[in-house]
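Undergrad: entry06.txt is reproduced in full below (compact mmCIF, C-alpha atoms).
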# COMPACT_ATOMS: atom_id res chain seq x y z
CA MET A 1 -20.61 30.41 3.13
CA ASN A 2 -18.97 32.46 5.82
CA PRO A 3 -15.68 30.85 6.82
CA ASP A 4 -15.42 31.17 10.60
CA ASN A 5 -12.62 28.71 11.29
CA ILE A 6 -9.32 27.68 9.78
CA TRP A 7 -10.64 24.33 8.42
CA GLN A 8 -13.44 26.09 6.57
CA GLN A 9 -10.96 28.60 5.19
CA LEU A 10 -8.75 25.73 3.99
CA GLU A 11 -11.71 24.04 2.34
CA ASN A 12 -12.69 27.31 0.63
CA SER A 13 -9.13 27.92 -0.58
CA ALA A 14 -8.28 27.70 -4.27
CA ALA A 15 -6.63 24.29 -3.79
CA GLY A 16 -9.55 22.97 -1.72
CA THR A 17 -12.30 24.00 -4.14
CA THR A 18 -10.29 22.94 -7.21
CA ILE A 19 -9.77 19.40 -5.87
CA ALA A 20 -13.34 19.12 -4.54
CA SER A 21 -14.93 20.19 -7.83
CA SER A 22 -12.70 18.08 -10.07
CA GLU A 23 -13.83 14.64 -11.16
CA TRP A 24 -10.39 13.09 -11.42
CA MET A 25 -8.18 14.93 -8.90
CA PHE A 26 -9.47 13.31 -5.70
CA PRO A 27 -9.17 9.70 -6.96
CA THR A 28 -5.79 10.48 -8.53
CA LEU A 29 -4.50 11.88 -5.23
CA GLU A 30 -5.95 8.83 -3.46
CA THR A 31 -4.05 6.56 -5.88
CA ILE A 32 -0.77 8.37 -5.17
CA HIS A 33 -1.60 8.23 -1.44
CA VAL A 34 -2.20 4.45 -1.55
CA ILE A 35 1.01 3.72 -3.45
CA ALA A 36 3.00 5.96 -1.09
CA ILE A 37 1.49 4.60 2.13
CA VAL A 38 1.93 0.99 1.01
CA THR A 39 5.63 1.73 0.38
CA VAL A 40 5.99 3.39 3.80
CA ILE A 41 4.37 0.45 5.60
CA GLY A 42 6.31 -2.20 3.68
CA ALA A 43 9.69 -0.50 4.20
CA ILE A 44 9.04 0.14 7.91
CA ALA A 45 7.87 -3.47 8.34
CA MET A 46 11.19 -4.72 6.90
CA MET A 47 13.10 -2.73 9.52
CA ASP A 48 10.71 -3.85 12.30
CA MET A 49 11.04 -7.45 11.22
CA ARG A 50 14.83 -7.16 11.45
CA LEU A 51 14.50 -5.67 14.96
CA LEU A 52 12.24 -8.57 15.95
CA GLY A 53 14.75 -11.04 14.50
CA LEU A 54 12.21 -12.35 11.97
CA ALA A 55 13.95 -11.38 8.70
CA SER A 56 17.29 -10.18 7.24
CA GLY A 57 19.10 -11.90 10.13
CA ASN A 58 22.29 -12.14 8.04
CA ARG A 59 22.58 -8.33 7.76
CA THR A 60 23.44 -5.72 10.38
CA VAL A 61 20.56 -3.59 11.62
CA ARG A 62 22.50 -0.57 10.38
CA THR A 63 22.58 -1.71 6.73
CA VAL A 64 18.88 -2.62 6.83
CA ALA A 65 18.11 0.86 8.22
CA HIS A 66 20.41 2.42 5.61
CA ASP A 67 18.44 0.66 2.83
CA THR A 68 14.91 1.18 4.14
CA LEU A 69 15.06 4.72 5.58
CA PRO A 70 15.48 6.62 2.25
CA VAL A 71 12.58 4.61 0.78
CA THR A 72 10.48 5.25 3.89
CA TRP A 73 11.10 9.01 3.93
CA THR A 74 10.65 9.53 0.19
CA ALA A 75 7.34 7.65 0.24
CA PHE A 76 6.31 9.37 3.47
CA ALA A 77 6.86 12.79 1.87
CA LEU A 78 4.69 11.71 -1.06
CA ALA A 79 2.01 10.38 1.31
CA THR A 80 2.04 13.61 3.30
CA ILE A 81 1.71 15.85 0.24
CA SER A 82 -1.09 13.77 -1.32
CA GLY A 83 -2.75 13.33 2.08
CA SER A 84 -2.68 17.07 2.79
CA LEU A 85 -4.27 17.84 -0.57
CA LEU A 86 -7.00 15.24 0.07
CA PHE A 87 -7.51 16.78 3.52
CA VAL A 88 -7.78 20.36 2.23
CA SER A 89 -10.63 19.44 -0.13
CA LYS A 90 -12.80 18.17 2.79
CA ALA A 91 -11.06 19.74 5.81
CA THR A 92 -14.19 20.38 7.93
CA THR A 93 -15.53 16.87 7.32
CA TYR A 94 -12.23 15.22 8.26
CA MET A 95 -11.78 17.34 11.37
CA VAL A 96 -15.02 16.02 12.91
CA ASN A 97 -14.29 12.41 11.92
CA PRO A 98 -13.02 10.46 14.95
CA TYR A 99 -11.20 7.89 12.78
CA PHE A 100 -9.25 10.66 11.04
CA LEU A 101 -8.24 12.11 14.42
CA TRP A 102 -7.30 8.64 15.71
CA LYS A 103 -5.24 8.12 12.57
CA LEU A 104 -3.31 11.34 13.20
CA GLY A 105 -2.81 10.33 16.85
CA PHE A 106 -1.47 6.88 15.95
CA MET A 107 0.85 8.45 13.37
CA ALA A 108 2.19 10.81 16.05
CA LEU A 109 2.78 7.77 18.29
CA ALA A 110 4.61 5.99 15.46
CA GLY A 111 6.76 9.11 15.02
CA ILE A 112 7.58 9.28 18.75
CA ASN A 113 8.39 5.55 18.78
CA MET A 114 10.76 6.04 15.83
CA ALA A 115 12.40 9.10 17.45
CA VAL A 116 12.90 7.24 20.74
CA PHE A 117 14.42 4.34 18.83
CA HIS A 118 16.93 6.47 16.93
CA ARG A 119 17.71 8.78 19.88
CA TYR A 120 18.04 6.24 22.71
CA LEU A 121 17.68 2.59 21.69
CA ALA A 122 19.94 2.78 18.64
CA LYS A 123 22.98 3.57 20.81
CA GLY A 124 24.17 0.00 21.26
CA MET A 125 23.35 -0.90 17.65
CA ASN A 126 26.94 -1.77 16.79
CA ARG A 127 26.75 -4.62 19.31
CA TRP A 128 23.21 -6.01 19.13
CA GLY A 129 22.80 -4.99 15.49
CA GLU A 130 25.39 -7.49 14.29
CA PRO A 131 24.18 -10.58 12.40
CA GLU A 132 23.02 -13.35 14.75
CA ALA A 133 23.48 -11.12 17.84
CA ALA A 134 20.77 -11.19 20.54
CA ILE A 135 18.44 -8.21 20.30
CA PRO A 136 17.50 -6.42 23.58
CA LEU A 137 13.89 -6.64 24.69
CA ASN A 138 13.23 -2.88 24.51
CA VAL A 139 14.39 -2.83 20.88
CA LYS A 140 12.08 -5.75 20.08
CA LEU A 141 9.22 -3.92 21.81
CA ALA A 142 9.85 -0.80 19.70
CA GLY A 143 9.71 -2.96 16.57
CA ALA A 144 6.51 -4.70 17.67
CA LEU A 145 4.87 -1.39 18.60
CA SER A 146 5.80 0.08 15.22
CA LEU A 147 4.31 -2.92 13.38
CA ALA A 148 1.11 -2.71 15.42
CA LEU A 149 0.73 1.03 14.81
CA TRP A 150 1.25 0.63 11.07
CA VAL A 151 -1.56 -1.95 11.01
CA ILE A 152 -3.95 0.34 12.90
CA ILE A 153 -3.13 3.45 10.83
CA PRO A 154 -4.34 2.10 7.45
CA PHE A 155 -7.35 0.56 9.24
CA CYS A 156 -8.35 4.01 10.51
CA GLY A 157 -7.71 5.36 7.02
CA ARG A 158 -10.06 2.78 5.50
CA VAL A 159 -12.82 3.40 8.05
CA ILE A 160 -12.71 7.16 7.28
CA GLY A 161 -13.97 6.31 3.80
CA PHE A 162 -17.03 4.59 5.29
CA THR A 163 -17.86 7.24 7.90
CA LEU A 164 -17.58 10.56 6.02
CA GLY A 165 -21.38 10.80 5.88
CA LEU A 166 -21.76 9.77 9.51
CA TYR A 167 -19.94 12.71 11.04
CA THR A 168 -20.80 16.03 9.48
CA PRO A 169 -19.52 19.45 10.53
CA SER A 170 -22.17 21.43 12.44
CA MET B 1 -15.10 8.84 -27.37
CA SER B 2 -13.68 9.77 -23.97
CA ILE B 3 -12.40 7.19 -21.46
CA GLY B 4 -15.46 7.87 -19.31
CA ASP B 5 -17.81 7.16 -22.22
CA TRP B 6 -15.96 3.97 -23.09
CA LEU B 7 -16.07 2.73 -19.48
CA PHE B 8 -19.78 3.56 -19.32
CA HIS B 9 -20.30 1.62 -22.54
CA MET B 10 -18.37 -1.35 -21.11
CA THR B 11 -20.53 -1.30 -17.97
CA GLU B 12 -23.63 -1.43 -20.16
CA LEU B 13 -22.09 -4.40 -21.96
CA LEU B 14 -21.36 -6.21 -18.65
CA ARG B 15 -25.00 -5.67 -17.72
CA THR B 16 -26.07 -7.89 -20.64
CA THR B 17 -23.96 -10.85 -19.44
CA ARG B 18 -24.66 -13.69 -17.02
CA LEU B 19 -22.42 -11.91 -14.53
CA VAL B 20 -25.51 -9.98 -13.41
CA GLU B 21 -27.33 -13.12 -12.27
CA PHE B 22 -24.18 -14.60 -10.81
CA SER B 23 -23.17 -11.49 -8.85
CA LEU B 24 -26.71 -11.13 -7.52
CA ARG B 25 -26.65 -14.74 -6.39
CA VAL B 26 -23.29 -14.23 -4.66
CA SER B 27 -24.64 -11.19 -2.82
CA ASP B 28 -27.23 -13.51 -1.20
CA TRP B 29 -24.63 -15.90 0.17
CA PRO B 30 -24.66 -16.02 3.98
CA PHE B 31 -21.01 -14.92 4.07
CA ALA B 32 -21.80 -11.94 1.80
CA LEU B 33 -24.71 -10.96 4.06
CA TRP B 34 -22.49 -11.34 7.11
CA LEU B 35 -19.84 -9.05 5.57
CA GLN B 36 -22.46 -6.47 4.61
CA SER B 37 -24.11 -6.41 8.02
CA HIS B 38 -20.95 -6.03 10.14
CA PHE B 39 -19.68 -2.50 9.95
CA TYR B 40 -15.98 -3.24 10.57
CA ALA B 41 -15.83 -6.39 8.41
CA ILE B 42 -15.13 -4.76 5.03
CA PRO B 43 -12.57 -2.18 6.29
CA THR B 44 -10.81 -5.00 8.18
CA PHE B 45 -10.42 -7.12 5.06
CA GLN B 46 -9.45 -4.01 3.07
CA THR B 47 -6.73 -3.32 5.63
CA PHE B 48 -5.50 -6.91 5.29
CA HIS B 49 -5.50 -6.41 1.49
CA ILE B 50 -3.48 -3.18 1.86
CA LEU B 51 -0.97 -4.82 4.24
CA ALA B 52 -0.49 -7.67 1.76
CA ILE B 53 0.24 -5.28 -1.11
CA ALA B 54 2.55 -3.34 1.24
CA VAL B 55 4.67 -6.46 1.78
CA LEU B 56 4.58 -7.36 -1.91
CA PHE B 57 5.31 -3.88 -3.22
CA ALA B 58 8.09 -2.96 -0.77
CA SER B 59 9.78 -6.34 -1.37
CA THR B 60 9.50 -5.88 -5.14
CA LEU B 61 10.85 -2.34 -4.82
CA MET B 62 13.85 -3.44 -2.72
CA LEU B 63 14.67 -6.23 -5.17
CA SER B 64 14.48 -3.75 -8.05
CA LEU B 65 16.61 -1.17 -6.24
CA ARG B 66 19.24 -3.89 -5.68
CA VAL B 67 19.20 -4.80 -9.38
CA LEU B 68 19.58 -1.12 -10.26
CA GLY B 69 22.53 -0.86 -7.85
CA ILE B 70 20.80 1.82 -5.79
CA SER B 71 20.64 -0.07 -2.48
CA GLY B 72 21.48 -3.35 -0.77
CA ALA B 73 25.01 -3.50 -2.22
CA ASP B 74 26.25 -5.50 0.81
CA GLN B 75 24.14 -8.42 -0.35
CA THR B 76 24.64 -10.57 -3.42
CA LEU B 77 21.83 -10.78 -5.90
CA GLU B 78 21.14 -14.33 -4.76
CA GLN B 79 20.86 -13.23 -1.11
CA THR B 80 18.51 -10.39 -2.04
CA LEU B 81 16.37 -12.69 -4.15
CA ARG B 82 16.25 -15.28 -1.35
CA ARG B 83 15.28 -12.56 1.16
CA HIS B 84 12.36 -11.16 -0.83
CA ARG B 85 11.01 -13.91 -3.12
CA PRO B 86 9.11 -15.92 -0.43
CA TRP B 87 7.56 -12.74 0.98
CA ILE B 88 6.42 -11.61 -2.46
CA TRP B 89 4.62 -14.86 -3.24
CA ALA B 90 3.17 -15.28 0.25
CA ALA B 91 1.83 -11.73 -0.13
CA VAL B 92 0.31 -12.62 -3.52
CA LEU B 93 -1.59 -15.45 -1.82
CA ALA B 94 -2.78 -13.14 0.98
CA LEU B 95 -3.74 -10.55 -1.62
CA VAL B 96 -5.82 -13.01 -3.64
CA ALA B 97 -7.46 -14.48 -0.52
CA SER B 98 -8.46 -11.08 0.90
CA GLY B 99 -9.40 -9.93 -2.61
CA ILE B 100 -11.85 -12.84 -2.96
CA VAL B 101 -13.45 -11.88 0.37
CA LEU B 102 -13.77 -8.27 -0.83
CA LEU B 103 -15.26 -9.49 -4.12
CA ILE B 104 -17.88 -11.48 -2.20
CA SER B 105 -18.61 -8.45 0.01
CA GLU B 106 -19.67 -6.34 -2.99
CA PRO B 107 -20.19 -8.69 -5.95
CA VAL B 108 -22.30 -6.43 -8.17
CA ARG B 109 -20.17 -3.33 -7.63
CA ASN B 110 -17.10 -5.31 -8.72
CA MET B 111 -18.25 -7.79 -11.35
CA ILE B 112 -20.39 -5.27 -13.25
CA ASN B 113 -17.48 -2.87 -13.37
CA PRO B 114 -15.01 -2.64 -16.27
CA ILE B 115 -12.32 -1.15 -14.00
CA PHE B 116 -12.43 -4.31 -11.84
CA TRP B 117 -11.78 -6.46 -14.94
CA ILE B 118 -9.01 -4.10 -16.10
CA LYS B 119 -7.45 -4.51 -12.65
CA MET B 120 -7.69 -8.31 -12.94
CA ALA B 121 -5.98 -8.17 -16.35
CA LEU B 122 -3.25 -5.93 -14.89
CA LEU B 123 -2.87 -8.39 -11.99
CA LEU B 124 -2.24 -11.22 -14.45
CA VAL B 125 0.34 -9.06 -16.24
CA ALA B 126 2.00 -8.13 -12.92
CA VAL B 127 2.21 -11.76 -11.75
CA THR B 128 3.58 -12.87 -15.13
CA VAL B 129 6.17 -10.09 -15.27
CA SER B 130 7.20 -10.80 -11.65
CA LEU B 131 7.63 -14.53 -12.34
CA TRP B 132 9.58 -13.88 -15.49
CA PHE B 133 11.75 -11.21 -13.86
CA GLN B 134 12.60 -13.38 -10.85
CA ARG B 135 13.35 -16.37 -13.04
CA ALA B 136 15.66 -14.26 -15.23
CA LEU B 137 17.43 -13.00 -12.10
CA GLY B 138 17.73 -16.50 -10.71
CA ARG B 139 19.33 -17.80 -13.91
CA ARG B 140 22.00 -15.10 -13.89
CA ARG B 141 22.81 -15.05 -10.19
CA GLU B 142 25.79 -17.39 -10.42
CA GLN B 143 27.54 -15.99 -13.49
CA TRP B 144 27.59 -12.36 -12.47
CA ASP B 145 26.07 -9.89 -10.11
CA VAL B 146 23.75 -7.23 -11.39
CA SER B 147 24.84 -3.68 -10.70
CA SER B 148 24.05 -0.28 -12.17
CA LYS B 149 26.15 -1.43 -15.11
CA GLY B 150 24.35 -4.76 -15.47
CA HIS B 151 22.25 -5.98 -18.34
CA LEU B 152 19.91 -3.34 -19.71
CA SER B 153 17.02 -5.81 -20.14
CA LEU B 154 17.10 -6.73 -16.44
CA ARG B 155 17.32 -3.12 -15.35
CA ALA B 156 14.40 -2.24 -17.60
CA ALA B 157 12.44 -5.21 -16.20
CA SER B 158 13.16 -4.11 -12.61
CA VAL B 159 11.54 -0.74 -13.37
CA ALA B 160 8.68 -2.32 -15.33
CA VAL B 161 7.75 -4.72 -12.52
CA VAL B 162 7.43 -1.80 -10.07
CA LEU B 163 5.32 0.22 -12.52
CA VAL B 164 2.97 -2.63 -13.35
CA TRP B 165 2.23 -3.21 -9.64
CA CYS B 166 1.55 0.55 -9.34
CA ALA B 167 -0.95 0.14 -12.18
CA VAL B 168 -2.65 -2.72 -10.29
CA MET B 169 -2.98 -0.49 -7.21
CA ALA B 170 -4.35 2.35 -9.32
CA GLY B 171 -6.92 -0.08 -10.73
CA GLY B 172 -7.92 -1.04 -7.20
CA ARG B 173 -8.49 2.55 -6.16
CA TRP B 174 -10.45 3.45 -9.31
CA ILE B 175 -12.95 0.57 -8.93
CA ALA B 176 -14.88 2.96 -6.68
CA TYR B 177 -15.02 5.61 -9.40
CA ALA B 178 -16.38 3.69 -12.39
CA PRO B 179 -18.93 5.79 -14.27
CA VAL B 180 -22.43 4.31 -13.86
Using the file provided, produce a representation of the structure as C-alpha cells.
TA:
Amino acid sequence: MNPDNIWQQLENSAAGTTIASSEWMFPTLETIHVIAIVTVIGAIAMMDMRLLGLASGNRTVRTVAHDTLPVTWTAFALATISGSLLFVSKATTYMVNPYFLWKLGFMALAGINMAVFHRYLAKGMNRWGEPEAAIPLNVKLAGALSLALWVIIPFCGRVIGFTLGLYTPS
Amino acid sequence: MSIGDWLFHMTELLRTTRLVEFSLRVSDWPFALWLQSHFYAIPTFQTFHILAIAVLFASTLMLSLRVLGISGADQTLEQTLRRHRPWIWAAVLALVASGIVLLISEPVRNMINPIFWIKMALLLVAVTVSLWFQRALGRRREQWDVSSKGHLSLRAASVAVVLVWCAVMAGGRWIAYAPV
C-alpha cells in the first residue's frame, strides 16, 4: 500500500498496525473510551443541571464547577487518548464516515460553548451563582445547549459503529 | 485453557439450552422486527443506555469522592447522599428498561453469549454493593461525617463500588467480542 495522505500514513504507523492487528487492543481501548466518555457526560450534566436550576440548588455554581471540572478534564483526557488510538487504527475509514465528522463538529461546538461560558457568562457568577438566586436566561441556554450536544455526541459515536462498512475510503 | 477457549466452550454450552428456542422466538416478536428494520432504532436505544450509565456512574463517582474526602467538602455526607441517591436509582431503572429493549433487538447475540451473562452477574453484584454501600453511609450520617480519615471499610467500599460499575461497563462493551 502506497500511503498518499496523512490518514493512510497514520493507519500504517506502528501504533495503527499494532492496534488493528491485535485481538484485544481495540475492544480494550473501546472499554476505556466508554468509561471515560460516560464520566465526562455525567460530570458535565451535573454542572448543566445546576445552571438550569434542576439540581444542586443548595450549592453555589462555583463549588459545583470546582467539584465537576477536575473529573470532567481527567476523564476527557482519558477519552481523547483512547479515542485517538482507536482513530489511528482505522484513520482512513473514520475520515470518510460522516457520523465521525459530525461527532468532531459537535464536540468542537461543545468546546466553544464551554469557552464562551467561562470567558463571558461566568462573570456575574458570584451573584447569580448563589444558592436560590435567579439564573440569567443566557446561562440557562448555555447549559441546555451543552446537555443537548452531549446527547448528540454519543449518538454519533454509536452510529459510527454501524456505518463503518457503509463508507469506505476510495 | 485460555479465556477465549473457555468462553467458546461456554457458548457451546448455551447452545444446548432452551435459550436457543426462546431467543429465536423473541427475535420474531413484532417489536424485535421493528427494531431490526429501523436503522436508527438500535443506536438510539444504545445512546439512551449510555446516558443512563453516565448519570449513574458520575453520581456514584461523586458520592465516592465525597466519602474519600477528595471533593464536595462543602456538603455534609447526608446532603451528598440526598443529592445523588435518587439519580442513581432512577438511572438504574432507565438502564434496565433500555437494556431490555436492546436485549429484544438482538436476542440470540445476547442470550447465547457467556459475556452477556457475566455482565448480568456483575450487574447484580454492582446493584447489591451500591445498596449496601448507601445503606452503610445512611446509617453513619448522623454520628459522624466521613472524611479522608473516616472508616477504612467505607473508604474501601467507595472505591469498590466505582470499580464494580466499571466492570459492568467493560462487560457491556465485550458482548460484541465474544468468540463464536
Undergrad: I need the residue nearest Ala170 (chain B) from this list: B:His151, B:Arg135, B:Lys119, B:Arg140. Use all atoms listed in the file for the distance.
TA: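 Looking at the shortest contact to Ala170 (chain B), the residue is B:Lys119.
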Undergrad: Rounded to one decimal place, report the CA of Ala115 (chain A)-CA of Leu86 (chain A) distance in Å.
TA: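 Interatomic distance, CA of Ala115 (chain A) to CA of Leu86 (chain A): 26.8 Å.
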Undergrad: So, counting all atoms listed in the file, which residue among B:Val55, B:Leu65, B:Ala97, B:Val108 is closest to Met49 (chain A)?
TA: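 Selected residue with least distance to Met49 (chain A): B:Val55.
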Undergrad: Between CA of Ile3 (chain B) and CA of Pro43 (chain B), what is the distance, to one decimal in Å?
TA: 29.3 Å
Undergrad: Using only C-alpha atoms, list the residues that have an atom at most 12 Å from (12.4, 1.9, 5.4), coordinates as in the file, as a count of residues only.
TA: 39
Undergrad: Could you list, as a VMD selection string, every residue within 9 Å of Leu51 (chain A), counting all atoms listed in the file and ignoring same-chain residues fewer than 6 positions away?
TA: chain A and resid 61 129 135 139 to 144
Undergrad: One number please: CA of Glu12 (chain B) to CA of Trp117 (chain B), in Å, one decimal.
TA: 13.9 Å
Undergrad: Could you please tell me, as a ChimeraX atom specification, which residues of chain B have an atom within 10 Å of chain A when using all atoms listed in the file?
TA: /B:39-40,42-48,50-59,61-62,65-66,70-75,79-80,83-84,165-167,169-174,176-177
Undergrad: I'd like the contact shell of Leu109 (chain A) - 8 Å cut-off, all atoms listed in the file, skipping same-chain residues fewer than 4 positions apart - returned as an MDAnalysis selection string.
TA: chainID A and resid 105 113 149
Undergrad: Counting only C-alpha atoms, which residues come within 10 Å of (16.1, -2.5, -12.9), with the point read in the file's coordinates, and could you list them as a list in words?
TA: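 Output of the proximity query reads Leu61, Leu63, Ser64, Leu65, Arg66, Val67, Leu68, Gly69, Ile70, Phe133, Val146, Ser147, Ser148, Gly150, His151, Leu152, Ser153, Leu154, Arg155, Ala156, Ala157, Ser158, Val159, Ala160, Val161 and Val162 of chain B.
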Undergrad: Please provide as a PyMOL selection string all residues within 7 Å of region 15-30 of chain B, with the sequence filter that same-chain residues fewer than 4 positions apart are discarded (counting only C-alpha atoms).
TA: chain B and resi 11+34+104+106-108+111-112
Undergrad: Go ahead and write the selection's residues with C-alpha atoms as a PDB file, keeping the file's coordinate frame.
TA:
ATOM      1  CA  THR B  11     -20.530  -1.300 -17.970  1.00  0.00           C
ATOM      2  CA  TRP B  34     -22.490 -11.340   7.110  1.00  0.00           C
ATOM      3  CA  ILE B 104     -17.880 -11.480  -2.200  1.00  0.00           C
ATOM      4  CA  GLU B 106     -19.670  -6.340  -2.990  1.00  0.00           C
ATOM      5  CA  PRO B 107     -20.190  -8.690  -5.950  1.00  0.00           C
ATOM      6  CA  VAL B 108     -22.300  -6.430  -8.170  1.00  0.00           C
ATOM      7  CA  MET B 111     -18.250  -7.790 -11.350  1.00  0.00           C
ATOM      8  CA  ILE B 112     -20.390  -5.270 -13.250  1.00  0.00           C
TER       9      ILE B 112
END
Undergrad: Pick from A:Ala15, A:Leu166, A:Ala148, A:Ile6: nearest to Val88 (chain A), with all atoms listed in the file counted?
TA: A:Ala15
Undergrad: Rebuild region 12-29 of chain A so that it carries N, CA and C atoms, then output the result as a compact mmCIF listing (two decimals), keeping the file's coordinate frame.
TA:
# COMPACT_ATOMS: atom_id res chain seq x y z
N ASN A 12 -12.27 26.29 1.60
CA ASN A 12 -12.69 27.31 0.63
C ASN A 12 -11.52 27.86 -0.18
N SER A 13 -10.29 27.41 0.15
CA SER A 13 -9.13 27.92 -0.58
C SER A 13 -9.17 27.45 -2.03
N ALA A 14 -8.32 28.07 -2.85
CA ALA A 14 -8.28 27.70 -4.27
C ALA A 14 -7.98 26.21 -4.44
N ALA A 15 -6.99 25.71 -3.68
CA ALA A 15 -6.63 24.29 -3.79
C ALA A 15 -7.81 23.42 -3.37
N GLY A 16 -8.43 23.77 -2.23
CA GLY A 16 -9.55 22.97 -1.72
C GLY A 16 -10.70 22.88 -2.70
N THR A 17 -11.13 24.02 -3.24
CA THR A 17 -12.30 24.00 -4.14
C THR A 17 -11.95 23.35 -5.48
N THR A 18 -10.70 23.55 -5.93
CA THR A 18 -10.29 22.94 -7.21
C THR A 18 -10.36 21.42 -7.11
N ILE A 19 -9.79 20.87 -6.02
CA ILE A 19 -9.77 19.40 -5.87
C ILE A 19 -11.20 18.88 -5.66
N ALA A 20 -11.99 19.59 -4.84
CA ALA A 20 -13.34 19.12 -4.54
C ALA A 20 -14.24 19.13 -5.77
N SER A 21 -14.01 20.08 -6.68
CA SER A 21 -14.93 20.19 -7.83
C SER A 21 -14.42 19.41 -9.04
N SER A 22 -13.22 18.84 -8.94
CA SER A 22 -12.70 18.08 -10.07
C SER A 22 -13.15 16.62 -9.98
N GLU A 23 -13.39 16.03 -11.14
CA GLU A 23 -13.83 14.64 -11.16
C GLU A 23 -12.68 13.68 -10.93
N TRP A 24 -11.51 14.04 -11.43
CA TRP A 24 -10.39 13.09 -11.42
C TRP A 24 -9.34 13.37 -10.36
N MET A 25 -9.28 14.60 -9.82
CA MET A 25 -8.18 14.93 -8.90
C MET A 25 -8.20 14.13 -7.61
N PHE A 26 -9.39 14.03 -6.98
CA PHE A 26 -9.47 13.31 -5.70
C PHE A 26 -9.04 11.84 -5.84
N PRO A 27 -9.64 11.08 -6.81
CA PRO A 27 -9.17 9.70 -6.96
C PRO A 27 -7.71 9.58 -7.37
N THR A 28 -7.20 10.54 -8.14
CA THR A 28 -5.79 10.48 -8.53
C THR A 28 -4.89 10.68 -7.31
N LEU A 29 -5.26 11.66 -6.47
CA LEU A 29 -4.50 11.88 -5.23
C LEU A 29 -4.59 10.66 -4.32
